[in-house]
>>> print(open('upload_25.cif').read())   # mmCIF, N, CA and C atoms
data_input
#
loop_
_atom_site.label_atom_id
_atom_site.label_comp_id
_atom_site.auth_asym_id
_atom_site.auth_seq_id
_atom_site.Cartn_x
_atom_site.Cartn_y
_atom_site.Cartn_z
N GLN A 6 2.25 7.40 9.90
CA GLN A 6 1.96 6.93 8.55
C GLN A 6 1.68 8.12 7.65
N VAL A 7 2.35 8.16 6.52
CA VAL A 7 2.16 9.23 5.54
C VAL A 7 1.40 8.68 4.36
N GLN A 8 0.40 9.40 3.94
CA GLN A 8 -0.34 9.00 2.74
C GLN A 8 -0.03 9.95 1.61
N VAL A 9 0.12 9.39 0.42
CA VAL A 9 0.34 10.21 -0.77
C VAL A 9 -0.65 9.78 -1.84
N VAL A 10 -1.21 10.75 -2.53
CA VAL A 10 -2.24 10.48 -3.53
C VAL A 10 -1.89 11.23 -4.81
N GLU A 11 -1.73 10.46 -5.91
CA GLU A 11 -1.42 11.07 -7.20
C GLU A 11 -2.70 11.37 -7.97
N SER A 12 -2.57 12.32 -8.88
CA SER A 12 -3.64 12.60 -9.82
C SER A 12 -3.04 13.30 -11.04
N GLY A 13 -3.82 13.36 -12.12
CA GLY A 13 -3.41 14.16 -13.27
C GLY A 13 -2.93 13.41 -14.48
N GLY A 14 -2.91 12.09 -14.44
CA GLY A 14 -2.48 11.35 -15.61
C GLY A 14 -3.49 11.47 -16.75
N GLY A 15 -3.12 10.93 -17.89
CA GLY A 15 -4.02 10.96 -19.04
C GLY A 15 -3.30 10.56 -20.30
N SER A 16 -3.96 10.81 -21.42
CA SER A 16 -3.41 10.47 -22.73
C SER A 16 -3.20 11.74 -23.54
N VAL A 17 -2.03 11.86 -24.12
CA VAL A 17 -1.71 13.02 -24.96
C VAL A 17 -0.91 12.55 -26.16
N GLN A 18 -0.83 13.42 -27.15
CA GLN A 18 0.01 13.15 -28.30
C GLN A 18 1.43 13.63 -28.01
N ALA A 19 2.36 13.07 -28.75
CA ALA A 19 3.76 13.48 -28.59
C ALA A 19 3.88 14.99 -28.77
N GLY A 20 4.70 15.59 -27.90
CA GLY A 20 4.85 17.03 -27.90
C GLY A 20 3.92 17.75 -26.95
N GLY A 21 2.94 17.03 -26.42
CA GLY A 21 1.98 17.62 -25.51
C GLY A 21 2.49 17.71 -24.09
N SER A 22 1.61 18.15 -23.19
CA SER A 22 1.98 18.37 -21.79
C SER A 22 0.94 17.79 -20.86
N LEU A 23 1.41 17.41 -19.70
CA LEU A 23 0.54 16.98 -18.61
C LEU A 23 1.14 17.47 -17.30
N ARG A 24 0.30 17.66 -16.31
CA ARG A 24 0.79 17.98 -14.97
C ARG A 24 0.25 16.95 -13.99
N LEU A 25 1.15 16.30 -13.30
CA LEU A 25 0.79 15.34 -12.26
C LEU A 25 0.88 16.03 -10.91
N SER A 26 -0.01 15.60 -10.01
CA SER A 26 -0.02 16.13 -8.65
C SER A 26 0.15 15.00 -7.66
N CYS A 27 0.81 15.31 -6.56
CA CYS A 27 0.97 14.34 -5.49
C CYS A 27 0.74 15.07 -4.17
N GLU A 28 -0.36 14.74 -3.55
CA GLU A 28 -0.70 15.38 -2.28
C GLU A 28 -0.29 14.48 -1.13
N ALA A 29 0.44 15.05 -0.19
CA ALA A 29 0.91 14.30 0.97
C ALA A 29 0.08 14.66 2.20
N SER A 30 -0.01 13.73 3.13
CA SER A 30 -0.84 13.95 4.33
C SER A 30 -0.09 14.69 5.43
N ILE A 31 1.15 15.11 5.13
CA ILE A 31 1.91 15.90 6.10
C ILE A 31 2.37 17.19 5.43
N SER A 32 2.67 18.18 6.26
CA SER A 32 3.08 19.47 5.74
C SER A 32 4.46 19.40 5.09
N THR A 33 4.62 20.17 4.02
CA THR A 33 5.93 20.23 3.37
C THR A 33 6.99 20.75 4.33
N THR A 34 6.60 21.55 5.29
CA THR A 34 7.57 22.09 6.25
C THR A 34 8.09 21.01 7.21
N SER A 35 7.41 19.86 7.25
CA SER A 35 7.89 18.77 8.10
C SER A 35 9.17 18.18 7.57
N GLY A 36 9.35 18.28 6.28
CA GLY A 36 10.57 17.77 5.68
C GLY A 36 10.44 16.35 5.19
N TYR A 37 10.35 16.18 3.89
CA TYR A 37 10.34 14.83 3.32
C TYR A 37 10.92 14.89 1.91
N CYS A 38 11.41 13.79 1.48
CA CYS A 38 11.88 13.64 0.11
C CYS A 38 10.74 13.03 -0.69
N MET A 39 10.33 13.71 -1.73
CA MET A 39 9.30 13.19 -2.62
C MET A 39 9.93 12.89 -3.97
N LYS A 40 9.70 11.72 -4.46
CA LYS A 40 10.28 11.34 -5.75
C LYS A 40 9.20 10.75 -6.66
N TRP A 41 9.24 11.16 -7.90
CA TRP A 41 8.39 10.56 -8.93
C TRP A 41 9.16 9.43 -9.60
N PHE A 42 8.49 8.29 -9.68
CA PHE A 42 9.00 7.15 -10.43
C PHE A 42 8.03 6.85 -11.56
N ARG A 43 8.48 6.13 -12.54
CA ARG A 43 7.59 5.65 -13.59
C ARG A 43 7.99 4.24 -13.97
N GLN A 44 6.98 3.52 -14.48
CA GLN A 44 7.23 2.14 -14.88
C GLN A 44 6.46 1.83 -16.15
N ALA A 45 7.20 1.50 -17.18
CA ALA A 45 6.60 1.09 -18.44
C ALA A 45 6.40 -0.42 -18.41
N PRO A 46 5.46 -0.95 -19.19
CA PRO A 46 5.22 -2.39 -19.20
C PRO A 46 6.48 -3.17 -19.52
N GLY A 47 6.78 -4.15 -18.69
CA GLY A 47 7.93 -4.99 -18.91
C GLY A 47 9.26 -4.39 -18.50
N LYS A 48 9.22 -3.20 -17.92
CA LYS A 48 10.47 -2.54 -17.52
C LYS A 48 10.49 -2.29 -16.03
N GLU A 49 11.69 -2.02 -15.52
CA GLU A 49 11.83 -1.72 -14.11
C GLU A 49 11.34 -0.30 -13.82
N ARG A 50 10.97 -0.08 -12.58
CA ARG A 50 10.56 1.24 -12.15
C ARG A 50 11.81 2.14 -12.10
N GLU A 51 11.69 3.32 -12.70
CA GLU A 51 12.84 4.22 -12.75
C GLU A 51 12.48 5.58 -12.17
N GLY A 52 13.48 6.22 -11.58
CA GLY A 52 13.29 7.54 -11.01
C GLY A 52 13.24 8.60 -12.08
N VAL A 53 12.40 9.61 -11.85
CA VAL A 53 12.22 10.69 -12.81
C VAL A 53 12.70 12.01 -12.24
N ALA A 54 12.19 12.37 -11.08
CA ALA A 54 12.55 13.64 -10.45
C ALA A 54 12.25 13.56 -8.97
N SER A 55 13.01 14.32 -8.19
CA SER A 55 12.79 14.33 -6.74
C SER A 55 12.95 15.74 -6.20
N LEU A 56 12.36 15.94 -5.03
CA LEU A 56 12.37 17.26 -4.39
C LEU A 56 12.36 17.06 -2.89
N TYR A 57 13.20 17.84 -2.20
CA TYR A 57 13.17 17.80 -0.74
C TYR A 57 12.30 18.98 -0.29
N SER A 58 11.26 18.67 0.46
CA SER A 58 10.21 19.66 0.73
C SER A 58 10.69 20.84 1.55
N ARG A 59 11.66 20.64 2.43
CA ARG A 59 12.02 21.73 3.34
C ARG A 59 12.79 22.83 2.64
N ASN A 60 13.66 22.48 1.69
CA ASN A 60 14.44 23.52 1.01
C ASN A 60 14.14 23.64 -0.47
N GLY A 61 13.30 22.75 -0.98
CA GLY A 61 12.91 22.83 -2.38
C GLY A 61 13.97 22.38 -3.37
N ASN A 62 15.07 21.79 -2.90
CA ASN A 62 16.10 21.30 -3.83
C ASN A 62 15.52 20.22 -4.73
N LYS A 63 15.90 20.29 -6.00
CA LYS A 63 15.31 19.42 -7.02
C LYS A 63 16.39 18.63 -7.75
N TYR A 64 16.00 17.45 -8.18
CA TYR A 64 16.92 16.57 -8.88
C TYR A 64 16.15 15.88 -10.01
N TYR A 65 16.82 15.71 -11.16
CA TYR A 65 16.17 15.14 -12.32
C TYR A 65 16.99 14.03 -12.95
N ALA A 66 16.29 13.06 -13.53
CA ALA A 66 16.96 12.08 -14.36
C ALA A 66 17.37 12.75 -15.67
N ASP A 67 18.46 12.29 -16.24
CA ASP A 67 18.95 12.91 -17.48
C ASP A 67 17.91 12.85 -18.59
N SER A 68 17.10 11.80 -18.60
CA SER A 68 16.13 11.61 -19.68
C SER A 68 15.02 12.66 -19.70
N VAL A 69 14.83 13.38 -18.59
CA VAL A 69 13.74 14.34 -18.52
C VAL A 69 14.22 15.78 -18.29
N LYS A 70 15.50 15.97 -18.11
CA LYS A 70 16.01 17.32 -17.89
C LYS A 70 15.64 18.24 -19.04
N GLY A 71 15.17 19.43 -18.69
CA GLY A 71 14.77 20.40 -19.69
C GLY A 71 13.35 20.23 -20.17
N ARG A 72 12.70 19.11 -19.83
CA ARG A 72 11.33 18.87 -20.24
C ARG A 72 10.36 18.79 -19.06
N PHE A 73 10.81 18.21 -17.97
CA PHE A 73 9.97 18.05 -16.79
C PHE A 73 10.42 19.01 -15.70
N THR A 74 9.46 19.48 -14.92
CA THR A 74 9.76 20.35 -13.79
C THR A 74 9.01 19.87 -12.57
N ILE A 75 9.73 19.67 -11.48
CA ILE A 75 9.10 19.30 -10.22
C ILE A 75 9.02 20.55 -9.35
N SER A 76 7.89 20.71 -8.67
CA SER A 76 7.70 21.90 -7.84
C SER A 76 6.76 21.54 -6.69
N GLN A 77 6.59 22.48 -5.77
CA GLN A 77 5.70 22.21 -4.65
C GLN A 77 4.87 23.43 -4.31
N ASP A 78 3.72 23.16 -3.73
CA ASP A 78 2.83 24.19 -3.21
C ASP A 78 2.69 23.91 -1.71
N ASN A 79 3.36 24.71 -0.91
CA ASN A 79 3.37 24.45 0.54
C ASN A 79 1.97 24.55 1.15
N ALA A 80 1.17 25.46 0.64
CA ALA A 80 -0.18 25.64 1.20
C ALA A 80 -1.05 24.41 0.99
N LYS A 81 -0.76 23.66 -0.08
CA LYS A 81 -1.57 22.49 -0.42
C LYS A 81 -0.87 21.18 -0.10
N ASN A 82 0.33 21.25 0.47
CA ASN A 82 1.11 20.03 0.75
C ASN A 82 1.18 19.14 -0.48
N THR A 83 1.41 19.76 -1.60
CA THR A 83 1.36 19.06 -2.88
C THR A 83 2.64 19.29 -3.67
N VAL A 84 3.10 18.23 -4.28
CA VAL A 84 4.23 18.28 -5.20
C VAL A 84 3.71 18.01 -6.60
N TYR A 85 4.17 18.79 -7.55
CA TYR A 85 3.73 18.67 -8.93
C TYR A 85 4.86 18.19 -9.83
N LEU A 86 4.48 17.55 -10.91
CA LEU A 86 5.41 17.20 -11.97
C LEU A 86 4.84 17.72 -13.27
N GLN A 87 5.38 18.83 -13.75
CA GLN A 87 4.97 19.39 -15.03
C GLN A 87 5.78 18.71 -16.11
N MET A 88 5.09 18.08 -17.05
CA MET A 88 5.75 17.32 -18.11
C MET A 88 5.44 17.96 -19.45
N ASN A 89 6.45 18.50 -20.08
CA ASN A 89 6.31 19.13 -21.39
C ASN A 89 7.08 18.34 -22.45
N SER A 90 6.78 18.63 -23.69
CA SER A 90 7.46 17.95 -24.82
C SER A 90 7.47 16.44 -24.62
N LEU A 91 6.31 15.91 -24.28
CA LEU A 91 6.22 14.48 -23.98
C LEU A 91 6.53 13.63 -25.21
N ARG A 92 7.12 12.48 -24.94
CA ARG A 92 7.52 11.53 -25.98
C ARG A 92 6.85 10.20 -25.72
N PRO A 93 6.69 9.37 -26.74
CA PRO A 93 6.09 8.04 -26.52
C PRO A 93 6.84 7.24 -25.45
N GLU A 94 8.14 7.42 -25.35
CA GLU A 94 8.91 6.68 -24.34
C GLU A 94 8.66 7.16 -22.92
N ASP A 95 7.90 8.24 -22.75
CA ASP A 95 7.51 8.69 -21.42
C ASP A 95 6.28 7.94 -20.91
N THR A 96 5.69 7.13 -21.75
CA THR A 96 4.50 6.36 -21.38
C THR A 96 4.79 5.41 -20.23
N GLY A 97 3.87 5.34 -19.28
CA GLY A 97 4.01 4.42 -18.17
C GLY A 97 3.12 4.82 -17.02
N MET A 98 3.18 4.02 -15.97
CA MET A 98 2.49 4.34 -14.73
C MET A 98 3.43 5.19 -13.89
N TYR A 99 2.95 6.32 -13.47
CA TYR A 99 3.76 7.25 -12.68
C TYR A 99 3.34 7.16 -11.21
N TYR A 100 4.32 7.03 -10.36
CA TYR A 100 4.09 6.93 -8.93
C TYR A 100 4.84 8.02 -8.19
N CYS A 101 4.23 8.54 -7.15
CA CYS A 101 5.02 9.39 -6.26
C CYS A 101 5.28 8.62 -4.97
N ALA A 102 6.45 8.83 -4.45
CA ALA A 102 6.89 8.14 -3.25
C ALA A 102 7.50 9.16 -2.31
N ALA A 103 7.28 8.95 -1.02
CA ALA A 103 7.79 9.89 -0.03
C ALA A 103 8.54 9.14 1.07
N ASP A 104 9.49 9.85 1.64
CA ASP A 104 10.21 9.33 2.80
C ASP A 104 10.64 10.51 3.65
N LEU A 105 10.65 10.31 4.95
CA LEU A 105 10.93 11.43 5.84
C LEU A 105 12.41 11.74 5.97
N ARG A 106 13.24 10.91 5.38
CA ARG A 106 14.68 11.17 5.44
C ARG A 106 15.09 12.23 4.41
N ASN A 107 16.09 12.99 4.74
CA ASN A 107 16.63 14.01 3.83
C ASN A 107 17.72 13.35 2.99
N PHE A 108 17.30 12.63 1.97
CA PHE A 108 18.28 11.93 1.14
C PHE A 108 18.01 12.12 -0.35
N CYS A 109 17.26 13.14 -0.68
CA CYS A 109 16.94 13.39 -2.08
C CYS A 109 18.18 13.59 -2.93
N TRP A 110 19.27 14.05 -2.31
CA TRP A 110 20.48 14.36 -3.07
C TRP A 110 21.32 13.12 -3.34
N TYR A 111 20.92 11.98 -2.77
CA TYR A 111 21.69 10.75 -3.01
C TYR A 111 21.64 10.40 -4.50
N PRO A 112 22.66 9.75 -5.02
CA PRO A 112 22.62 9.33 -6.42
C PRO A 112 21.52 8.32 -6.68
N SER A 113 21.11 8.24 -7.92
CA SER A 113 19.94 7.43 -8.28
C SER A 113 20.12 5.94 -7.97
N TYR A 114 21.38 5.45 -8.00
CA TYR A 114 21.57 4.03 -7.75
C TYR A 114 21.35 3.70 -6.26
N ILE A 115 21.29 4.71 -5.41
CA ILE A 115 20.97 4.53 -4.00
C ILE A 115 19.50 4.87 -3.75
N LEU A 116 19.02 5.93 -4.38
CA LEU A 116 17.65 6.39 -4.17
C LEU A 116 16.69 5.59 -5.05
N THR A 117 16.70 4.29 -4.85
CA THR A 117 15.86 3.39 -5.63
C THR A 117 14.46 3.29 -5.01
N PRO A 118 13.52 2.64 -5.69
CA PRO A 118 12.18 2.47 -5.10
C PRO A 118 12.21 1.83 -3.72
N HIS A 119 13.17 0.94 -3.48
CA HIS A 119 13.22 0.25 -2.19
C HIS A 119 13.52 1.19 -1.04
N ALA A 120 14.06 2.38 -1.34
CA ALA A 120 14.44 3.32 -0.29
C ALA A 120 13.24 4.07 0.28
N PHE A 121 12.13 4.03 -0.41
CA PHE A 121 10.99 4.86 -0.01
C PHE A 121 9.92 4.06 0.73
N HIS A 122 9.38 4.67 1.79
CA HIS A 122 8.40 3.99 2.62
C HIS A 122 6.96 4.19 2.18
N TYR A 123 6.66 5.35 1.63
CA TYR A 123 5.27 5.69 1.39
C TYR A 123 5.01 5.91 -0.11
N TRP A 124 3.99 5.23 -0.61
CA TRP A 124 3.71 5.23 -2.04
C TRP A 124 2.26 5.57 -2.33
N GLY A 125 2.07 6.25 -3.46
CA GLY A 125 0.73 6.44 -3.98
C GLY A 125 0.32 5.26 -4.84
N GLN A 126 -0.89 5.34 -5.35
CA GLN A 126 -1.46 4.22 -6.12
C GLN A 126 -1.05 4.25 -7.59
N GLY A 127 -0.50 5.36 -8.03
CA GLY A 127 -0.05 5.48 -9.41
C GLY A 127 -1.09 6.14 -10.30
N THR A 128 -0.60 6.77 -11.35
CA THR A 128 -1.48 7.38 -12.34
C THR A 128 -0.87 7.13 -13.72
N GLN A 129 -1.71 6.76 -14.67
CA GLN A 129 -1.24 6.34 -15.99
C GLN A 129 -1.02 7.54 -16.90
N VAL A 130 0.12 7.53 -17.57
CA VAL A 130 0.44 8.52 -18.60
C VAL A 130 0.69 7.77 -19.90
N THR A 131 -0.05 8.16 -20.94
CA THR A 131 0.11 7.53 -22.24
C THR A 131 0.37 8.60 -23.28
N VAL A 132 1.49 8.45 -24.00
CA VAL A 132 1.87 9.42 -25.03
C VAL A 132 1.88 8.69 -26.37
N SER A 133 1.06 9.16 -27.27
CA SER A 133 0.97 8.52 -28.58
C SER A 133 1.77 9.31 -29.61
N SER A 134 2.28 8.58 -30.60
CA SER A 134 3.11 9.24 -31.62
C SER A 134 2.27 9.76 -32.75
#
>>> encode(input="upload_25.cif", output="structure tokens")
Amino acid sequence: QVQVVESGGGSVQAGGSLRLSCEASISTTSGYCMKWFRQAPGKEREGVASLYSRNGNKYYADSVKGRFTISQDNAKNTVYLQMNSLRPEDTGMYYCAADLRNFCWYPSYILTPHAFHYWGQGTQVTVSS
């Protein structure tokens, strides 16, 4: 069983920045795909960014490219999501999800929330205009 715990959400004005953290209960060297999802009220959960822990390969949704950066700290078994130039449409509950399979490179229509076994409790991000 893998546990993941998010932190770092909050409220900011448009153009501001936040950094989310996701700590996993296993070492990054064990190899897992970590993906950040978000869900706005009344909308489906959508993928934002993913990272495969063993090689650090990263993947982003088009809506966040150039603004968000996913990274990892191997010593802390933690994956981060640095969010810059935030927009009101970035508002939502952000979740990190992990799976031990090496499938981070799969296209987004396959790497859906249903593909992931381990989930955090979520952290709220609110961006005001």
>>> resolve_selection(input="upload_25.cif", expression="the PyMOL selection byres ((chain A and resi 94-106) around 6)", output="PDB file with N, CA and C atoms, in the frame of the given file")
ATOM      1  N   GLY A  36       9.350  18.280   6.280  1.00  0.00           N
ATOM      2  CA  GLY A  36      10.570  17.770   5.680  1.00  0.00           C
ATOM      3  C   GLY A  36      10.440  16.350   5.190  1.00  0.00           C
ATOM      4  N   TYR A  37      10.350  16.180   3.890  1.00  0.00           N
ATOM      5  CA  TYR A  37      10.340  14.830   3.320  1.00  0.00           C
ATOM      6  C   TYR A  37      10.920  14.890   1.910  1.00  0.00           C
ATOM      7  N   CYS A  38      11.410  13.790   1.480  1.00  0.00           N
ATOM      8  CA  CYS A  38      11.880  13.640   0.110  1.00  0.00           C
ATOM      9  C   CYS A  38      10.740  13.030  -0.690  1.00  0.00           C
ATOM     10  N   MET A  39      10.330  13.710  -1.730  1.00  0.00           N
ATOM     11  CA  MET A  39       9.300  13.190  -2.620  1.00  0.00           C
ATOM     12  C   MET A  39       9.930  12.890  -3.970  1.00  0.00           C
ATOM     13  N   LYS A  40       9.700  11.720  -4.460  1.00  0.00           N
ATOM     14  CA  LYS A  40      10.280  11.340  -5.750  1.00  0.00           C
ATOM     15  C   LYS A  40       9.200  10.750  -6.660  1.00  0.00           C
ATOM     16  N   TRP A  41       9.240  11.160  -7.900  1.00  0.00           N
ATOM     17  CA  TRP A  41       8.390  10.560  -8.930  1.00  0.00           C
ATOM     18  C   TRP A  41       9.160   9.430  -9.600  1.00  0.00           C
ATOM     19  N   PHE A  42       8.490   8.290  -9.680  1.00  0.00           N
ATOM     20  CA  PHE A  42       9.000   7.150 -10.430  1.00  0.00           C
ATOM     21  C   PHE A  42       8.030   6.850 -11.560  1.00  0.00           C
ATOM     22  N   ARG A  43       8.480   6.130 -12.540  1.00  0.00           N
ATOM     23  CA  ARG A  43       7.590   5.650 -13.590  1.00  0.00           C
ATOM     24  C   ARG A  43       7.990   4.240 -13.970  1.00  0.00           C
ATOM     25  N   GLN A  44       6.980   3.520 -14.480  1.00  0.00           N
ATOM     26  CA  GLN A  44       7.230   2.140 -14.880  1.00  0.00           C
ATOM     27  C   GLN A  44       6.460   1.830 -16.150  1.00  0.00           C
ATOM     28  N   ALA A  45       7.200   1.500 -17.180  1.00  0.00           N
ATOM     29  CA  ALA A  45       6.600   1.090 -18.440  1.00  0.00           C
ATOM     30  C   ALA A  45       6.400  -0.420 -18.410  1.00  0.00           C
ATOM     31  N   PRO A  46       5.460  -0.950 -19.190  1.00  0.00           N
ATOM     32  CA  PRO A  46       5.220  -2.390 -19.200  1.00  0.00           C
ATOM     33  C   PRO A  46       6.480  -3.170 -19.520  1.00  0.00           C
ATOM     34  N   ARG A  92       7.120  12.480 -24.940  1.00  0.00           N
ATOM     35  CA  ARG A  92       7.520  11.530 -25.980  1.00  0.00           C
ATOM     36  C   ARG A  92       6.850  10.200 -25.720  1.00  0.00           C
ATOM     37  N   PRO A  93       6.690   9.370 -26.740  1.00  0.00           N
ATOM     38  CA  PRO A  93       6.090   8.040 -26.520  1.00  0.00           C
ATOM     39  C   PRO A  93       6.840   7.240 -25.450  1.00  0.00           C
ATOM     40  N   ASN A 107      16.090  12.990   4.740  1.00  0.00           N
ATOM     41  CA  ASN A 107      16.630  14.010   3.830  1.00  0.00           C
ATOM     42  C   ASN A 107      17.720  13.350   2.990  1.00  0.00           C
ATOM     43  N   PHE A 108      17.300  12.630   1.970  1.00  0.00           N
ATOM     44  CA  PHE A 108      18.280  11.930   1.140  1.00  0.00           C
ATOM     45  C   PHE A 108      18.010  12.120  -0.350  1.00  0.00           C
ATOM     46  N   CYS A 109      17.260  13.140  -0.680  1.00  0.00           N
ATOM     47  CA  CYS A 109      16.940  13.390  -2.080  1.00  0.00           C
ATOM     48  C   CYS A 109      18.180  13.590  -2.930  1.00  0.00           C
ATOM     49  N   PHE A 121      12.130   4.030  -0.410  1.00  0.00           N
ATOM     50  CA  PHE A 121      10.990   4.860  -0.010  1.00  0.00           C
ATOM     51  C   PHE A 121       9.920   4.060   0.730  1.00  0.00           C
ATOM     52  N   HIS A 122       9.380   4.670   1.790  1.00  0.00           N
ATOM     53  CA  HIS A 122       8.400   3.990   2.620  1.00  0.00           C
ATOM     54  C   HIS A 122       6.960   4.190   2.180  1.00  0.00           C
ATOM     55  N   TYR A 123       6.660   5.350   1.630  1.00  0.00           N
ATOM     56  CA  TYR A 123       5.270   5.690   1.390  1.00  0.00           C
ATOM     57  C   TYR A 123       5.010   5.910  -0.110  1.00  0.00           C
ATOM     58  N   TRP A 124       3.990   5.230  -0.610  1.00  0.00           N
ATOM     59  CA  TRP A 124       3.710   5.230  -2.040  1.00  0.00           C
ATOM     60  C   TRP A 124       2.260   5.570  -2.330  1.00  0.00           C
ATOM     61  N   GLY A 125       2.070   6.250  -3.460  1.00  0.00           N
ATOM     62  CA  GLY A 125       0.730   6.440  -3.980  1.00  0.00           C
ATOM     63  C   GLY A 125       0.320   5.260  -4.840  1.00  0.00           C
ATOM     64  N   GLN A 126      -0.890   5.340  -5.350  1.00  0.00           N
ATOM     65  CA  GLN A 126      -1.460   4.220  -6.120  1.00  0.00           C
ATOM     66  C   GLN A 126      -1.050   4.250  -7.590  1.00  0.00           C
ATOM     67  N   GLY A 127      -0.500   5.360  -8.030  1.00  0.00           N
ATOM     68  CA  GLY A 127      -0.050   5.480  -9.410  1.00  0.00           C
ATOM     69  C   GLY A 127      -1.090   6.140 -10.300  1.00  0.00           C
ATOM     70  N   THR A 128      -0.600   6.770 -11.350  1.00  0.00           N
ATOM     71  CA  THR A 128      -1.480   7.380 -12.340  1.00  0.00           C
ATOM     72  C   THR A 128      -0.870   7.130 -13.720  1.00  0.00           C
ATOM     73  N   GLN A 129      -1.710   6.760 -14.670  1.00  0.00           N
ATOM     74  CA  GLN A 129      -1.240   6.340 -15.990  1.00  0.00           C
ATOM     75  C   GLN A 129      -1.020   7.540 -16.900  1.00  0.00           C
ATOM     76  N   VAL A 130       0.120   7.530 -17.570  1.00  0.00           N
ATOM     77  CA  VAL A 130       0.440   8.520 -18.600  1.00  0.00           C
ATOM     78  C   VAL A 130       0.690   7.770 -19.900  1.00  0.00           C
ATOM     79  N   THR A 131      -0.050   8.160 -20.940  1.00  0.00           N
ATOM     80  CA  THR A 131       0.110   7.530 -22.240  1.00  0.00           C
ATOM     81  C   THR A 131       0.370   8.600 -23.280  1.00  0.00           C
ATOM     82  N   VAL A 132       1.490   8.450 -24.000  1.00  0.00           N
ATOM     83  CA  VAL A 132       1.870   9.420 -25.030  1.00  0.00           C
ATOM     84  C   VAL A 132       1.880   8.690 -26.370  1.00  0.00           C
TER      85      VAL A 132
END
>>> residues_around(input="upload_25.cif", residues="Asp67 of chain A", least_positions_apart="3", cutoff="10 Å", atoms="only C-alpha atoms", output="short mmCIF file (atom, residue, chain, number, x, y, z; two decimals) with N, CA and C atoms, in the frame of the given file")
data_model
loop_
_atom_site.label_atom_id
_atom_site.label_comp_id
_atom_site.auth_asym_id
_atom_site.auth_seq_id
_atom_site.Cartn_x
_atom_site.Cartn_y
_atom_site.Cartn_z
N VAL A 53 12.40 9.61 -11.85
CA VAL A 53 12.22 10.69 -12.81
C VAL A 53 12.70 12.01 -12.24
N ALA A 54 12.19 12.37 -11.08
CA ALA A 54 12.55 13.64 -10.45
C ALA A 54 12.25 13.56 -8.97
N TYR A 64 16.00 17.45 -8.18
CA TYR A 64 16.92 16.57 -8.88
C TYR A 64 16.15 15.88 -10.01
N LYS A 70 15.50 15.97 -18.11
CA LYS A 70 16.01 17.32 -17.89
C LYS A 70 15.64 18.24 -19.04
N GLY A 71 15.17 19.43 -18.69
CA GLY A 71 14.77 20.40 -19.69
C GLY A 71 13.35 20.23 -20.17
#
>>> residues_around(input="upload_25.cif", residues="segment 77-84 of chain A", least_positions_apart="6", cutoff="6 Å", atoms="all atoms listed in the file", output="list in words")
Leu25, Ser26, Cys27, Glu28, Ala29, Ile31, Ser32 and Thr33 of chain A
>>> atom_distance(input="upload_25.cif", atom1="atom N of Ser90 of chain A", atom2="atom N of Arg72 of chain A")
7.1 Å
>>> atom_distance(input="upload_25.cif", atom1="atom CA of Val69 of chain A", atom2="atom CA of Pro112 of chain A")
15.8 Å
>>> closest_residue(input="upload_25.cif", among="A:Ser133, A:Thr34, A:Trp110, A:Gln8", to="Ser55 of chain A", atoms="all atoms listed in the file")
A:Trp110
>>> resolve_selection(input="upload_25.cif", expression="the PyMOL selection byres ((chain A and resi 75) around 5)", output="list in words")
Phe73, Thr74, Ser76, Gln77, Tyr85, Leu86 and Gln87 of chain A
>>> atom_distance(input="upload_25.cif", atom1="atom C of Gly14 of chain A", atom2="atom CA of Arg59 of chain A")
27.4 Å
>>> decode(input="upload_25.cif", residues="segment 63-86 of chain A", atoms="C-alpha atoms", output="PDB file, in the first residue's frame")
ATOM      1  CA  LYS A  63       7.767  14.898 -17.160  1.00  0.00           C
ATOM      2  CA  TYR A  64       4.534  15.444 -19.019  1.00  0.00           C
ATOM      3  CA  TYR A  65       2.159  18.411 -19.010  1.00  0.00           C
ATOM      4  CA  ALA A  66      -1.342  19.252 -20.103  1.00  0.00           C
ATOM      5  CA  ASP A  67      -1.405  21.919 -22.798  1.00  0.00           C
ATOM      6  CA  SER A  68      -3.335  24.260 -20.507  1.00  0.00           C
ATOM      7  CA  VAL A  69      -0.438  24.519 -18.041  1.00  0.00           C
ATOM      8  CA  LYS A  70       2.648  24.240 -20.244  1.00  0.00           C
ATOM      9  CA  GLY A  71       5.048  27.086 -19.604  1.00  0.00           C
ATOM     10  CA  ARG A  72       3.347  27.968 -16.309  1.00  0.00           C
ATOM     11  CA  PHE A  73       3.527  24.836 -14.157  1.00  0.00           C
ATOM     12  CA  THR A  74       6.593  22.762 -13.369  1.00  0.00           C
ATOM     13  CA  ILE A  75       6.596  19.289 -11.858  1.00  0.00           C
ATOM     14  CA  SER A  76       9.740  18.145 -10.066  1.00  0.00           C
ATOM     15  CA  GLN A  77      10.911  15.738  -7.411  1.00  0.00           C
ATOM     16  CA  ASP A  78      13.166  15.632  -4.383  1.00  0.00           C
ATOM     17  CA  ASN A  79      14.501  12.096  -4.057  1.00  0.00           C
ATOM     18  CA  ALA A  80      15.759  12.652  -0.514  1.00  0.00           C
ATOM     19  CA  LYS A  81      12.245  13.589   0.623  1.00  0.00           C
ATOM     20  CA  ASN A  82      10.287  11.173  -1.598  1.00  0.00           C
ATOM     21  CA  THR A  83       8.316  14.213  -2.627  1.00  0.00           C
ATOM     22  CA  VAL A  84       6.964  15.478  -5.919  1.00  0.00           C
ATOM     23  CA  TYR A  85       6.251  19.177  -6.312  1.00  0.00           C
ATOM     24  CA  LEU A  86       4.008  21.186  -8.577  1.00  0.00           C
TER      25      LEU A  86
END
